[in-house]
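K.L.:
Below is the file run_8.pdb, with PDB, C-alpha atoms and all ligand atoms.
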```pdb
ATOM      1  CA  MET A   1     -19.412  -4.621  17.074  1.00  0.00           C
ATOM      2  CA  LYS A   2     -16.488  -5.662  14.856  1.00  0.00           C
ATOM      3  CA  PHE A   3     -13.684  -3.422  13.650  1.00  0.00           C
ATOM      4  CA  VAL A   4     -11.659  -4.266  10.570  1.00  0.00           C
ATOM      5  CA  CYS A   5      -8.039  -3.312   9.911  1.00  0.00           C
ATOM      6  CA  GLN A   6      -8.058  -1.484   6.579  1.00  0.00           C
ATOM      7  CA  ILE A   7      -4.497  -2.624   5.924  1.00  0.00           C
ATOM      8  CA  CYS A   8      -4.589  -6.382   6.464  1.00  0.00           C
ATOM      9  CA  GLY A   9      -8.201  -7.304   7.178  1.00  0.00           C
ATOM     10  CA  TYR A  10      -7.654  -8.333  10.822  1.00  0.00           C
ATOM     11  CA  ILE A  11     -10.982  -8.259  12.658  1.00  0.00           C
ATOM     12  CA  TYR A  12     -11.231  -6.951  16.207  1.00  0.00           C
ATOM     13  CA  ASP A  13     -14.362  -8.495  17.688  1.00  0.00           C
ATOM     14  CA  GLU A  14     -15.468  -6.548  20.777  1.00  0.00           C
ATOM     15  CA  GLU A  15     -17.594  -9.457  21.926  1.00  0.00           C
ATOM     16  CA  LYS A  16     -14.692 -11.917  21.932  1.00  0.00           C
ATOM     17  CA  GLU A  17     -12.093  -9.496  23.261  1.00  0.00           C
ATOM     18  CA  GLN A  18     -14.377  -8.235  26.028  1.00  0.00           C
ATOM     19  CA  VAL A  19     -12.889  -4.748  25.635  1.00  0.00           C
ATOM     20  CA  PRO A  20     -14.713  -2.084  23.612  1.00  0.00           C
ATOM     21  CA  PHE A  21     -12.594  -0.857  20.716  1.00  0.00           C
ATOM     22  CA  ASP A  22     -12.913   2.744  21.944  1.00  0.00           C
ATOM     23  CA  GLN A  23     -11.301   1.788  25.220  1.00  0.00           C
ATOM     24  CA  LEU A  24      -8.130   0.342  23.716  1.00  0.00           C
ATOM     25  CA  ALA A  25      -4.998   2.407  24.427  1.00  0.00           C
ATOM     26  CA  ASP A  26      -4.160   5.077  21.845  1.00  0.00           C
ATOM     27  CA  ASP A  27      -0.936   3.276  20.982  1.00  0.00           C
ATOM     28  CA  TRP A  28      -2.683  -0.071  20.537  1.00  0.00           C
ATOM     29  CA  LYS A  29      -1.633  -1.662  17.260  1.00  0.00           C
ATOM     30  CA  CYS A  30      -3.059  -4.244  14.886  1.00  0.00           C
ATOM     31  CA  PRO A  31      -1.695  -7.619  16.112  1.00  0.00           C
ATOM     32  CA  TRP A  32      -1.107  -8.774  12.545  1.00  0.00           C
ATOM     33  CA  CYS A  33       0.353  -5.803  10.722  1.00  0.00           C
ATOM     34  CA  GLY A  34       1.120  -3.140  13.336  1.00  0.00           C
ATOM     35  CA  ALA A  35      -1.305  -0.569  11.897  1.00  0.00           C
ATOM     36  CA  ALA A  36      -2.625   2.142  14.231  1.00  0.00           C
ATOM     37  CA  LYS A  37      -6.113   2.232  15.772  1.00  0.00           C
ATOM     38  CA  SER A  38      -7.069   4.906  13.281  1.00  0.00           C
ATOM     39  CA  ASP A  39      -6.582   2.383  10.460  1.00  0.00           C
ATOM     40  CA  PHE A  40      -9.588   0.398  11.715  1.00  0.00           C
ATOM     41  CA  LYS A  41     -13.155   0.910  10.567  1.00  0.00           C
ATOM     42  CA  ALA A  42     -16.390  -0.407  12.012  1.00  0.00           C
ATOM     43  CA  GLU A  43     -17.390  -3.401   9.914  1.00  0.00           C
ATOM     44  CA  ALA A  44     -20.792  -2.079   8.873  1.00  0.00           C
ATOM     45  CA  ALA A  45     -19.383   1.202   7.606  1.00  0.00           C
ATOM     46  CA  LYS A  46     -18.593   0.295   4.007  1.00  0.00           C
ATOM     47  CA  ALA A  47     -17.777   3.248   1.822  1.00  0.00           C
ATOM     48  CA  GLU A  48     -20.294   3.988  -0.937  1.00  0.00           C
ATOM     49  CA  ALA A  49     -18.599   4.709  -4.241  1.00  0.00           C
ATOM     50  CA  ALA A  50     -19.352   8.181  -5.514  1.00  0.00           C
ATOM     51  CA  PRO A  51     -20.705   8.459  -9.076  1.00  0.00           C
ATOM     52  CA  VAL A  52     -18.026   9.270 -11.608  1.00  0.00           C
ATOM     53  CA  SER A  53     -17.526  10.517 -15.105  1.00  0.00           C
ATOM     54  CA  VAL A  54     -14.786   8.941 -17.183  1.00  0.00           C
ATOM     55  CA  ASN A  55     -12.072  11.264 -18.373  1.00  0.00           C
ATOM     56  CA  THR A  56     -10.601   9.364 -21.312  1.00  0.00           C
ATOM     57  CA  GLU A  57      -7.949  11.997 -21.870  1.00  0.00           C
ATOM     58  CA  GLU A  58      -6.469  11.388 -18.440  1.00  0.00           C
ATOM     59  CA  ALA A  59      -6.605   7.652 -19.016  1.00  0.00           C
ATOM     60  CA  ASP A  60      -4.368   8.011 -22.069  1.00  0.00           C
ATOM     61  CA  LEU A  61      -1.111   6.165 -21.443  1.00  0.00           C
ATOM     62  CA  LYS A  62       0.815   8.813 -23.355  1.00  0.00           C
ATOM     63  CA  LYS A  63      -0.102  11.363 -20.715  1.00  0.00           C
ATOM     64  CA  LEU A  64       1.644   9.479 -17.905  1.00  0.00           C
ATOM     65  CA  SER A  65       4.635  11.288 -16.442  1.00  0.00           C
ATOM     66  CA  ALA A  66       8.116   9.798 -16.572  1.00  0.00           C
ATOM     67  CA  GLY A  67       7.850   8.957 -12.869  1.00  0.00           C
ATOM     68  CA  GLN A  68       4.571   7.127 -13.389  1.00  0.00           C
ATOM     69  CA  LEU A  69       6.030   5.218 -16.344  1.00  0.00           C
ATOM     70  CA  ALA A  70       9.019   4.260 -14.196  1.00  0.00           C
ATOM     71  CA  ALA A  71       6.599   2.740 -11.666  1.00  0.00           C
ATOM     72  CA  VAL A  72       4.572   0.949 -14.373  1.00  0.00           C
ATOM     73  CA  CYS A  73       7.732  -0.534 -15.944  1.00  0.00           C
ATOM     74  CA  SER A  74       9.118  -1.575 -12.583  1.00  0.00           C
ATOM     75  CA  ASN A  75       5.855  -3.407 -11.834  1.00  0.00           C
ATOM     76  CA  LEU A  76       5.928  -5.085 -15.233  1.00  0.00           C
ATOM     77  CA  ALA A  77       9.525  -6.157 -14.552  1.00  0.00           C
ATOM     78  CA  ARG A  78       8.357  -7.755 -11.288  1.00  0.00           C
ATOM     79  CA  GLY A  79       5.434  -9.414 -13.027  1.00  0.00           C
ATOM     80  CA  CYS A  80       7.677 -10.911 -15.728  1.00  0.00           C
ATOM     81  CA  GLU A  81      10.122 -12.108 -13.097  1.00  0.00           C
ATOM     82  CA  LYS A  82       7.306 -13.949 -11.299  1.00  0.00           C
ATOM     83  CA  GLN A  83       6.434 -15.694 -14.556  1.00  0.00           C
ATOM     84  CA  TYR A  84      10.063 -16.642 -15.212  1.00  0.00           C
ATOM     85  CA  LYS A  85      10.337 -14.314 -18.197  1.00  0.00           C
ATOM     86  CA  VAL A  86      13.883 -13.284 -17.348  1.00  0.00           C
ATOM     87  CA  LYS A  87      14.721 -11.404 -20.545  1.00  0.00           C
ATOM     88  CA  GLU A  88      11.495  -9.368 -20.537  1.00  0.00           C
ATOM     89  CA  SER A  89      11.952  -8.623 -16.873  1.00  0.00           C
ATOM     90  CA  GLU A  90      15.435  -7.228 -17.529  1.00  0.00           C
ATOM     91  CA  LEU A  91      14.165  -5.075 -20.382  1.00  0.00           C
ATOM     92  CA  PHE A  92      11.339  -3.597 -18.306  1.00  0.00           C
ATOM     93  CA  ALA A  93      13.790  -2.966 -15.465  1.00  0.00           C
ATOM     94  CA  LYS A  94      16.038  -1.085 -17.905  1.00  0.00           C
ATOM     95  CA  LEU A  95      13.101   1.006 -19.133  1.00  0.00           C
ATOM     96  CA  SER A  96      12.130   1.716 -15.548  1.00  0.00           C
ATOM     97  CA  ASP A  97      15.682   2.924 -14.796  1.00  0.00           C
ATOM     98  CA  TYR A  98      15.571   5.112 -17.895  1.00  0.00           C
ATOM     99  CA  PHE A  99      12.286   6.768 -16.838  1.00  0.00           C
ATOM    100  CA  SER A 100      13.534   7.181 -13.260  1.00  0.00           C
ATOM    101  CA  ALA A 101      16.660   8.945 -14.522  1.00  0.00           C
ATOM    102  CA  ILE A 102      14.659  11.512 -16.524  1.00  0.00           C
ATOM    103  CA  THR A 103      12.114  12.145 -13.749  1.00  0.00           C
ATOM    104  CA  PRO A 104      12.660  15.656 -12.396  1.00  0.00           C
ATOM    105  CA  ALA A 105      13.483  15.898  -8.694  1.00  0.00           C
ATOM    106  CA  ILE A 106      10.523  16.881  -6.529  1.00  0.00           C
ATOM    107  CA  GLU A 107      11.237  20.062  -4.624  1.00  0.00           C
ATOM    108  CA  ASP A 108       8.705  19.656  -1.837  1.00  0.00           C
ATOM    109  CA  ALA A 109       9.507  16.022  -1.058  1.00  0.00           C
ATOM    110  CA  THR A 110       8.675  16.138   2.642  1.00  0.00           C
ATOM    111  CA  VAL A 111       7.140  13.345   4.682  1.00  0.00           C
ATOM    112  CA  GLU A 112       4.082  15.583   5.219  1.00  0.00           C
ATOM    113  CA  ASN A 113       3.582  15.919   1.464  1.00  0.00           C
ATOM    114  CA  VAL A 114       3.952  12.193   0.944  1.00  0.00           C
ATOM    115  CA  ALA A 115       1.238  11.687   3.587  1.00  0.00           C
ATOM    116  CA  LYS A 116      -0.983  14.201   1.778  1.00  0.00           C
ATOM    117  CA  LYS A 117      -0.481  12.565  -1.632  1.00  0.00           C
ATOM    118  CA  LEU A 118      -1.258   9.129  -0.214  1.00  0.00           C
ATOM    119  CA  GLN A 119      -4.475  10.427   1.324  1.00  0.00           C
ATOM    120  CA  GLU A 120      -5.495  11.921  -2.052  1.00  0.00           C
ATOM    121  CA  ASP A 121      -4.837   8.500  -3.583  1.00  0.00           C
ATOM    122  CA  ILE A 122      -6.961   6.727  -0.983  1.00  0.00           C
ATOM    123  CA  ASP A 123      -9.813   9.221  -1.443  1.00  0.00           C
ATOM    124  CA  ASN A 124      -9.721   8.708  -5.195  1.00  0.00           C
ATOM    125  CA  TYR A 125      -9.749   4.903  -5.282  1.00  0.00           C
ATOM    126  CA  PRO A 126     -13.556   4.515  -4.974  1.00  0.00           C
ATOM    127  CA  ASN A 127     -13.930   6.657  -8.124  1.00  0.00           C
ATOM    128  CA  VAL A 128     -11.388   4.655 -10.106  1.00  0.00           C
ATOM    129  CA  ARG A 129     -12.967   1.460  -8.855  1.00  0.00           C
ATOM    130  CA  ALA A 130     -16.412   2.641 -10.006  1.00  0.00           C
ATOM    131  CA  VAL A 131     -15.069   3.258 -13.521  1.00  0.00           C
ATOM    132  CA  ALA A 132     -13.601  -0.249 -13.580  1.00  0.00           C
ATOM    133  CA  ASP A 133     -16.931  -1.728 -12.420  1.00  0.00           C
ATOM    134  CA  GLN A 134     -18.932   0.312 -14.935  1.00  0.00           C
ATOM    135  CA  ASN A 135     -16.788  -1.122 -17.700  1.00  0.00           C
ATOM    136  CA  ASP A 136     -16.842  -4.655 -16.301  1.00  0.00           C
ATOM    137  CA  ASP A 137     -13.063  -4.550 -16.241  1.00  0.00           C
ATOM    138  CA  ARG A 138     -12.210  -7.147 -13.611  1.00  0.00           C
ATOM    139  CA  GLY A 139      -8.478  -6.767 -14.102  1.00  0.00           C
ATOM    140  CA  ALA A 140      -8.629  -3.044 -13.404  1.00  0.00           C
ATOM    141  CA  ALA A 141     -10.965  -3.622 -10.435  1.00  0.00           C
ATOM    142  CA  ARG A 142      -8.392  -6.019  -8.960  1.00  0.00           C
ATOM    143  CA  VAL A 143      -5.634  -3.496  -9.462  1.00  0.00           C
ATOM    144  CA  CYS A 144      -7.778  -0.972  -7.570  1.00  0.00           C
ATOM    145  CA  VAL A 145      -8.289  -3.346  -4.649  1.00  0.00           C
ATOM    146  CA  TRP A 146      -4.570  -4.028  -4.321  1.00  0.00           C
ATOM    147  CA  GLY A 147      -3.566  -0.461  -5.064  1.00  0.00           C
ATOM    148  CA  GLU A 148      -5.839   0.852  -2.336  1.00  0.00           C
ATOM    149  CA  LYS A 149      -4.423  -1.697   0.124  1.00  0.00           C
ATOM    150  CA  VAL A 150      -0.886  -0.578  -0.666  1.00  0.00           C
ATOM    151  CA  SER A 151      -1.751   3.124  -0.378  1.00  0.00           C
ATOM    152  CA  ARG A 152      -3.488   2.547   2.970  1.00  0.00           C
ATOM    153  CA  MET A 153      -0.527   0.555   4.222  1.00  0.00           C
ATOM    154  CA  LEU A 154       2.016   3.196   3.183  1.00  0.00           C
ATOM    155  CA  SER A 155      -0.189   5.942   4.582  1.00  0.00           C
ATOM    156  CA  SER A 156      -0.394   4.098   7.896  1.00  0.00           C
ATOM    157  CA  LEU A 157       3.411   3.820   8.050  1.00  0.00           C
ATOM    158  CA  VAL A 158       4.020   7.430   7.020  1.00  0.00           C
ATOM    159  CA  ASN A 159       1.535   8.701   9.608  1.00  0.00           C
ATOM    160  CA  ARG A 160       3.136   6.550  12.282  1.00  0.00           C
ATOM    161  CA  TYR A 161       6.482   8.062  11.300  1.00  0.00           C
ATOM    162  CA  LEU A 162       5.029  11.577  11.534  1.00  0.00           C
ATOM    163  CA  ASN A 163       3.796  10.782  15.060  1.00  0.00           C
ATOM    164  CA  GLU A 164       6.699   8.726  16.381  1.00  0.00           C
ATOM    165  CA  GLY A 165       9.636  10.121  14.389  1.00  0.00           C
ATOM    166  CA  GLU A 166      12.970   8.295  14.226  1.00  0.00           C
ATOM    167  CA  ALA A 167      12.058   6.350  17.398  1.00  0.00           C
ATOM    168  CA  MET A 168       9.827   4.213  15.199  1.00  0.00           C
ATOM    169  CA  LEU A 169      12.878   2.882  13.324  1.00  0.00           C
ATOM    170  CA  ALA A 170      15.359   2.678  16.206  1.00  0.00           C
ATOM    171  CA  ASP A 171      16.618  -0.808  17.108  1.00  0.00           C
ATOM    172  CA  THR A 172      14.419  -2.530  14.593  1.00  0.00           C
ATOM    173  CA  ASP A 173      14.463  -3.757  11.020  1.00  0.00           C
ATOM    174  CA  ILE A 174      12.277  -3.076   8.016  1.00  0.00           C
ATOM    175  CA  TRP A 175      10.944  -5.986   5.970  1.00  0.00           C
ATOM    176  CA  VAL A 176       9.196  -5.945   2.623  1.00  0.00           C
ATOM    177  CA  CYS A 177       6.966  -8.732   1.320  1.00  0.00           C
ATOM    178  CA  THR A 178       8.356  -9.540  -2.133  1.00  0.00           C
ATOM    179  CA  VAL A 179       4.943 -10.748  -3.263  1.00  0.00           C
ATOM    180  CA  CYS A 180       2.610  -7.886  -2.346  1.00  0.00           C
ATOM    181  CA  GLY A 181       4.914  -5.101  -1.144  1.00  0.00           C
ATOM    182  CA  PHE A 182       3.641  -5.051   2.433  1.00  0.00           C
ATOM    183  CA  VAL A 183       6.125  -3.260   4.694  1.00  0.00           C
ATOM    184  CA  TYR A 184       6.685  -4.614   8.193  1.00  0.00           C
ATOM    185  CA  ILE A 185       8.584  -2.964  11.042  1.00  0.00           C
ATOM    186  CA  GLY A 186      10.063  -5.473  13.487  1.00  0.00           C
ATOM    187  CA  GLU A 187      13.106  -7.526  14.388  1.00  0.00           C
ATOM    188  CA  GLU A 188      11.812 -10.604  12.556  1.00  0.00           C
ATOM    189  CA  PRO A 189       9.422 -10.829   9.600  1.00  0.00           C
ATOM    190  CA  PRO A 190       5.826 -11.809  10.506  1.00  0.00           C
ATOM    191  CA  GLU A 191       4.823 -15.498  10.498  1.00  0.00           C
ATOM    192  CA  LEU A 192       2.515 -14.821   7.586  1.00  0.00           C
ATOM    193  CA  CYS A 193       2.254 -11.726   5.435  1.00  0.00           C
ATOM    194  CA  PRO A 194      -0.846 -10.050   6.921  1.00  0.00           C
ATOM    195  CA  VAL A 195      -1.943  -8.904   3.473  1.00  0.00           C
ATOM    196  CA  CYS A 196      -1.200 -11.740   1.029  1.00  0.00           C
ATOM    197  CA  LYS A 197      -0.545 -14.572   3.521  1.00  0.00           C
ATOM    198  CA  VAL A 198       2.827 -15.790   2.195  1.00  0.00           C
ATOM    199  CA  PRO A 199       5.404 -17.269   4.652  1.00  0.00           C
ATOM    200  CA  PRO A 200       8.282 -15.239   6.193  1.00  0.00           C
ATOM    201  CA  TYR A 201      10.953 -16.375   3.711  1.00  0.00           C
ATOM    202  CA  LYS A 202       9.168 -14.253   1.108  1.00  0.00           C
ATOM    203  CA  PHE A 203      10.174 -11.163   3.094  1.00  0.00           C
ATOM    204  CA  GLU A 204      13.310  -9.208   2.269  1.00  0.00           C
ATOM    205  CA  LYS A 205      15.159  -7.138   4.841  1.00  0.00           C
ATOM    206  CA  ILE A 206      15.793  -3.549   3.758  1.00  0.00           C
ATOM    207  CA  GLU A 207      19.536  -3.028   4.044  1.00  0.00           C
ATOM    208  CA  GLY A 208      21.748   0.013   4.032  1.00  0.00           C
ATOM    209  CA  ARG A 209      19.621   2.471   5.938  1.00  0.00           C
ATOM    210  CA  ALA A 210      21.532   5.489   7.202  1.00  0.00           C
TER     211      ALA A 210
HETATM  212 ZN    ZN B   1      -3.724  -4.979  10.370  1.00  0.00          ZN
HETATM  213 ZN    ZN B   2       2.517  -9.987   1.141  1.00  0.00          ZN
END
```
Will you turn the file into structure tokens for me?
P.N.:
Amino acid sequence: MKFVCQICGYIYDEEKEQVPFDQLADDWKCPWCGAAKSDFKAEAAKAEAAPVSVNTEEADLKKLSAGQLAAVCSNLARGCEKQYKVKESELFAKLSDYFSAITPAIEDATVENVAKKLQEDIDNYPNVRAVADQNDDRGAARVCVWGEKVSRMLSSLVNRYLNEGEAMLADTDIWVCTVCGFVYIGEEPPELCPVCKVPPYKFEKIEGRA
């Protein structure tokens, strides 16, 4: 049987490896992206999308919170930057800062709650994806695919942190892929981004950690 990393798509082939997936050590990690064993799924087990009803009221852009708008604007700023639209990128970055500044502080901002929120996100993606498919909206479907990847990746990291604590970050660096946002823990960036396959110079080291 084959097992697929839900973060980067690495395939563990039991036949080639000669070791059943079940028998790998609990702390075995994805050789490409460092995800835990629990982030792998048997290849045949593809999730069936649950039927959905579209709530147009929730889809209304005006109903987005300031925090959500900050994230949208920050993404648009990145998108403009990639297309060499410097001025537009600056303006979206300014808007993003504005929305960030008026976002109320979250009182229960614990790592556990972040893990919970990410899991809710992951559980909800098949529904959002089904709406996109129903409406033949390929752009939205693509956003869902990437969004789910990012949520799974962050969830994997947060859960590792919950299990391993500060030890996970001791004597190592944190790298972020500037193209897809993949986060990598290690002394050097990976040879290829496991998610979007760009070379290591596209990775930025996260500086200034306490
Ligand atoms: Zn992986
Ligand atoms: Zn990447």
K.L.:
Step by step, measure atom-to-atom distances between ligand ZN 1 (chain B) and each residue using only C-alpha atoms and all ligand atoms, keep those at most 8 Å, then write them as a ChimeraX atom specification.
P.N.:
/A:4-10,29-35,39,194
K.L.:
By how many Å are atom CA of Met1 of chain A and atom CA of Ala25 of chain A apart?
P.N.:
17.6 Å
K.L.:
List all protein, DNA and RNA residues that have any atom at most 12 Å from ligand ZN 2 (chain B), counting all atoms listed in the file, and write the list as a PyMOL selection string.
P.N.:
chain A and resi 7-8+33+146+149-150+153+175-184+189-204
K.L.:
Emit the selected residues as an mmCIF file, in the coordinates of the input, including C-alpha atoms.
P.N.:
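Done, and the output landed in selection.cif:
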```cif
data_model
loop_
_atom_site.group_PDB
_atom_site.id
_atom_site.type_symbol
_atom_site.label_atom_id
_atom_site.label_comp_id
_atom_site.auth_asym_id
_atom_site.auth_seq_id
_atom_site.Cartn_x
_atom_site.Cartn_y
_atom_site.Cartn_z
ATOM 1 C CA ILE A 7 -4.497 -2.624 5.924
ATOM 2 C CA CYS A 8 -4.589 -6.382 6.464
ATOM 3 C CA CYS A 33 0.353 -5.803 10.722
ATOM 4 C CA TRP A 146 -4.570 -4.028 -4.321
ATOM 5 C CA LYS A 149 -4.423 -1.697 0.124
ATOM 6 C CA VAL A 150 -0.886 -0.578 -0.666
ATOM 7 C CA MET A 153 -0.527 0.555 4.222
ATOM 8 C CA TRP A 175 10.944 -5.986 5.970
ATOM 9 C CA VAL A 176 9.196 -5.945 2.623
ATOM 10 C CA CYS A 177 6.966 -8.732 1.320
ATOM 11 C CA THR A 178 8.356 -9.540 -2.133
ATOM 12 C CA VAL A 179 4.943 -10.748 -3.263
ATOM 13 C CA CYS A 180 2.610 -7.886 -2.346
ATOM 14 C CA GLY A 181 4.914 -5.101 -1.144
ATOM 15 C CA PHE A 182 3.641 -5.051 2.433
ATOM 16 C CA VAL A 183 6.125 -3.260 4.694
ATOM 17 C CA TYR A 184 6.685 -4.614 8.193
ATOM 18 C CA PRO A 189 9.422 -10.829 9.600
ATOM 19 C CA PRO A 190 5.826 -11.809 10.506
ATOM 20 C CA GLU A 191 4.823 -15.498 10.498
ATOM 21 C CA LEU A 192 2.515 -14.821 7.586
ATOM 22 C CA CYS A 193 2.254 -11.726 5.435
ATOM 23 C CA PRO A 194 -0.846 -10.050 6.921
ATOM 24 C CA VAL A 195 -1.943 -8.904 3.473
ATOM 25 C CA CYS A 196 -1.200 -11.740 1.029
ATOM 26 C CA LYS A 197 -0.545 -14.572 3.521
ATOM 27 C CA VAL A 198 2.827 -15.790 2.195
ATOM 28 C CA PRO A 199 5.404 -17.269 4.652
ATOM 29 C CA PRO A 200 8.282 -15.239 6.193
ATOM 30 C CA TYR A 201 10.953 -16.375 3.711
ATOM 31 C CA LYS A 202 9.168 -14.253 1.108
ATOM 32 C CA PHE A 203 10.174 -11.163 3.094
ATOM 33 C CA GLU A 204 13.310 -9.208 2.269
#
```
K.L.:
Using the chain letters and numbers from the file, give me the residues hit by the PyMOL selection byres (((chain A and resi 69) around 12) and not hetatm), as a PyMOL selection string.
P.N.:
chain A and resi 61-68+70-76+92-103
K.L.:
Could you expand the PyMOL selection byres (((chain A and resi 159-172) around 9) and not hetatm) into the explicit residues it covers here, written as a VMD selection string?
P.N.:
chain A and resid 35 to 36 111 to 112 115 154 to 158 173 to 174 185 to 188
K.L.:
Have a look at atom CA of Tyr125 of chain A and atom CA of Glu88 of chain A and let me know their distance in Å, one decimal.
P.N.:
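So the answer is 29.8 Å.
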K.L.:
How many Å lie between atom CA of Gly147 of chain A and atom CA of Asn127 of chain A, rounded to one decimal?
P.N.:
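Between atom CA of Gly147 of chain A and atom CA of Asn127 of chain A the gap works out to 12.9 Å.
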K.L.:
For Ile11 of chain A, which residue among A:Ala105, A:Trp28, A:Glu43, A:Asn135 is the nearest when counting all atoms listed in the file?
P.N.:
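Under the stated criterion, the closest residue is A:Glu43.
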K.L.:
If we count all atoms listed in the file, what is near Ser89 of chain A at a cut-off of 7 Å, once residues fewer than 4 positions away on the same chain are taken out, given as a PyMOL selection string?
P.N.:
chain A and resi 77-78+80-81+85+93
K.L.:
Quick one: 5 Å padding each side, axis-aligned, all listed atoms of segment 63-77 of chain A - centre and edge lengths in Å to one decimal, as AutoDock Vina command-line options?
P.N.:
```
--center_x 4.7 --center_y 2.6 --center_z -16.2 --size_x 19.6 --size_y 27.5 --size_z 19.0
```
K.L.:
Residues within 10 Å of Arg138 of chain A, please, as a VMD selection string. Count all atoms listed in the file; anything in the same chain fewer than 6 positions from it doesn't count.
P.N.:
chain A and resid 129 132 144
K.L.:
Can you turn the PyMOL selection byres (((chain A and resi 2) around 12) and not hetatm) into a concrete residue list for this file, as a list in words?
P.N.:
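Taken over the shown coordinates, the PyMOL selection byres (((chain A and resi 2) around 12) and not hetatm) returns Met1, Phe3, Val4, Cys5, Gly9, Tyr10, Ile11, Tyr12, Asp13, Glu14, Glu15, Lys16, Glu17, Gln18, Val19, Pro20, Phe21, Asp22, Phe40, Lys41, Ala42, Glu43, Ala44 and Ala45 of chain A.
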K.L.:
Now that the selection is made, can you save its residues with C-alpha atoms as an mmCIF file, in the coordinates of the input?
P.N.:
```cif
data_model
loop_
_atom_site.group_PDB
_atom_site.id
_atom_site.type_symbol
_atom_site.label_atom_id
_atom_site.label_comp_id
_atom_site.auth_asym_id
_atom_site.auth_seq_id
_atom_site.Cartn_x
_atom_site.Cartn_y
_atom_site.Cartn_z
ATOM 1 C CA MET A 1 -19.412 -4.621 17.074
ATOM 2 C CA PHE A 3 -13.684 -3.422 13.650
ATOM 3 C CA VAL A 4 -11.659 -4.266 10.570
ATOM 4 C CA CYS A 5 -8.039 -3.312 9.911
ATOM 5 C CA GLY A 9 -8.201 -7.304 7.178
ATOM 6 C CA TYR A 10 -7.654 -8.333 10.822
ATOM 7 C CA ILE A 11 -10.982 -8.259 12.658
ATOM 8 C CA TYR A 12 -11.231 -6.951 16.207
ATOM 9 C CA ASP A 13 -14.362 -8.495 17.688
ATOM 10 C CA GLU A 14 -15.468 -6.548 20.777
ATOM 11 C CA GLU A 15 -17.594 -9.457 21.926
ATOM 12 C CA LYS A 16 -14.692 -11.917 21.932
ATOM 13 C CA GLU A 17 -12.093 -9.496 23.261
ATOM 14 C CA GLN A 18 -14.377 -8.235 26.028
ATOM 15 C CA VAL A 19 -12.889 -4.748 25.635
ATOM 16 C CA PRO A 20 -14.713 -2.084 23.612
ATOM 17 C CA PHE A 21 -12.594 -0.857 20.716
ATOM 18 C CA ASP A 22 -12.913 2.744 21.944
ATOM 19 C CA PHE A 40 -9.588 0.398 11.715
ATOM 20 C CA LYS A 41 -13.155 0.910 10.567
ATOM 21 C CA ALA A 42 -16.390 -0.407 12.012
ATOM 22 C CA GLU A 43 -17.390 -3.401 9.914
ATOM 23 C CA ALA A 44 -20.792 -2.079 8.873
ATOM 24 C CA ALA A 45 -19.383 1.202 7.606
#
```
K.L.:
Starting from the sparse input, extend segment 91-103 of chain A to N, CA and C atoms and give the output as a PDB file, in the coordinates of the input.
P.N.:
```pdb
ATOM      1  N   LEU A  91      14.448  -6.197 -19.489  1.00  0.00           N
ATOM      2  CA  LEU A  91      14.165  -5.075 -20.382  1.00  0.00           C
ATOM      3  C   LEU A  91      13.256  -4.049 -19.702  1.00  0.00           C
ATOM      4  N   PHE A  92      12.228  -4.526 -19.006  1.00  0.00           N
ATOM      5  CA  PHE A  92      11.339  -3.597 -18.306  1.00  0.00           C
ATOM      6  C   PHE A  92      12.099  -2.876 -17.187  1.00  0.00           C
ATOM      7  N   ALA A  93      13.007  -3.597 -16.535  1.00  0.00           N
ATOM      8  CA  ALA A  93      13.790  -2.966 -15.465  1.00  0.00           C
ATOM      9  C   ALA A  93      14.662  -1.848 -16.037  1.00  0.00           C
ATOM     10  N   LYS A  94      15.218  -2.100 -17.236  1.00  0.00           N
ATOM     11  CA  LYS A  94      16.038  -1.085 -17.905  1.00  0.00           C
ATOM     12  C   LYS A  94      15.209   0.147 -18.239  1.00  0.00           C
ATOM     13  N   LEU A  95      14.007  -0.100 -18.796  1.00  0.00           N
ATOM     14  CA  LEU A  95      13.101   1.006 -19.133  1.00  0.00           C
ATOM     15  C   LEU A  95      12.741   1.800 -17.881  1.00  0.00           C
ATOM     16  N   SER A  96      12.477   1.061 -16.796  1.00  0.00           N
ATOM     17  CA  SER A  96      12.130   1.716 -15.548  1.00  0.00           C
ATOM     18  C   SER A  96      13.275   2.630 -15.081  1.00  0.00           C
ATOM     19  N   ASP A  97      14.518   2.114 -15.174  1.00  0.00           N
ATOM     20  CA  ASP A  97      15.682   2.924 -14.796  1.00  0.00           C
ATOM     21  C   ASP A  97      15.778   4.176 -15.662  1.00  0.00           C
ATOM     22  N   TYR A  98      15.510   3.983 -16.963  1.00  0.00           N
ATOM     23  CA  TYR A  98      15.571   5.112 -17.895  1.00  0.00           C
ATOM     24  C   TYR A  98      14.568   6.198 -17.477  1.00  0.00           C
ATOM     25  N   PHE A  99      13.314   5.786 -17.210  1.00  0.00           N
ATOM     26  CA  PHE A  99      12.286   6.768 -16.838  1.00  0.00           C
ATOM     27  C   PHE A  99      12.599   7.410 -15.482  1.00  0.00           C
ATOM     28  N   SER A 100      13.147   6.615 -14.566  1.00  0.00           N
ATOM     29  CA  SER A 100      13.534   7.181 -13.260  1.00  0.00           C
ATOM     30  C   SER A 100      14.565   8.284 -13.446  1.00  0.00           C
ATOM     31  N   ALA A 101      15.553   8.002 -14.337  1.00  0.00           N
ATOM     32  CA  ALA A 101      16.660   8.945 -14.522  1.00  0.00           C
ATOM     33  C   ALA A 101      16.176  10.272 -15.094  1.00  0.00           C
ATOM     34  N   ILE A 102      15.112  10.248 -15.928  1.00  0.00           N
ATOM     35  CA  ILE A 102      14.659  11.512 -16.524  1.00  0.00           C
ATOM     36  C   ILE A 102      13.509  12.142 -15.731  1.00  0.00           C
ATOM     37  N   THR A 103      13.160  11.552 -14.588  1.00  0.00           N
ATOM     38  CA  THR A 103      12.114  12.145 -13.749  1.00  0.00           C
ATOM     39  C   THR A 103      12.704  13.323 -12.976  1.00  0.00           C
TER      40      THR A 103
END
```
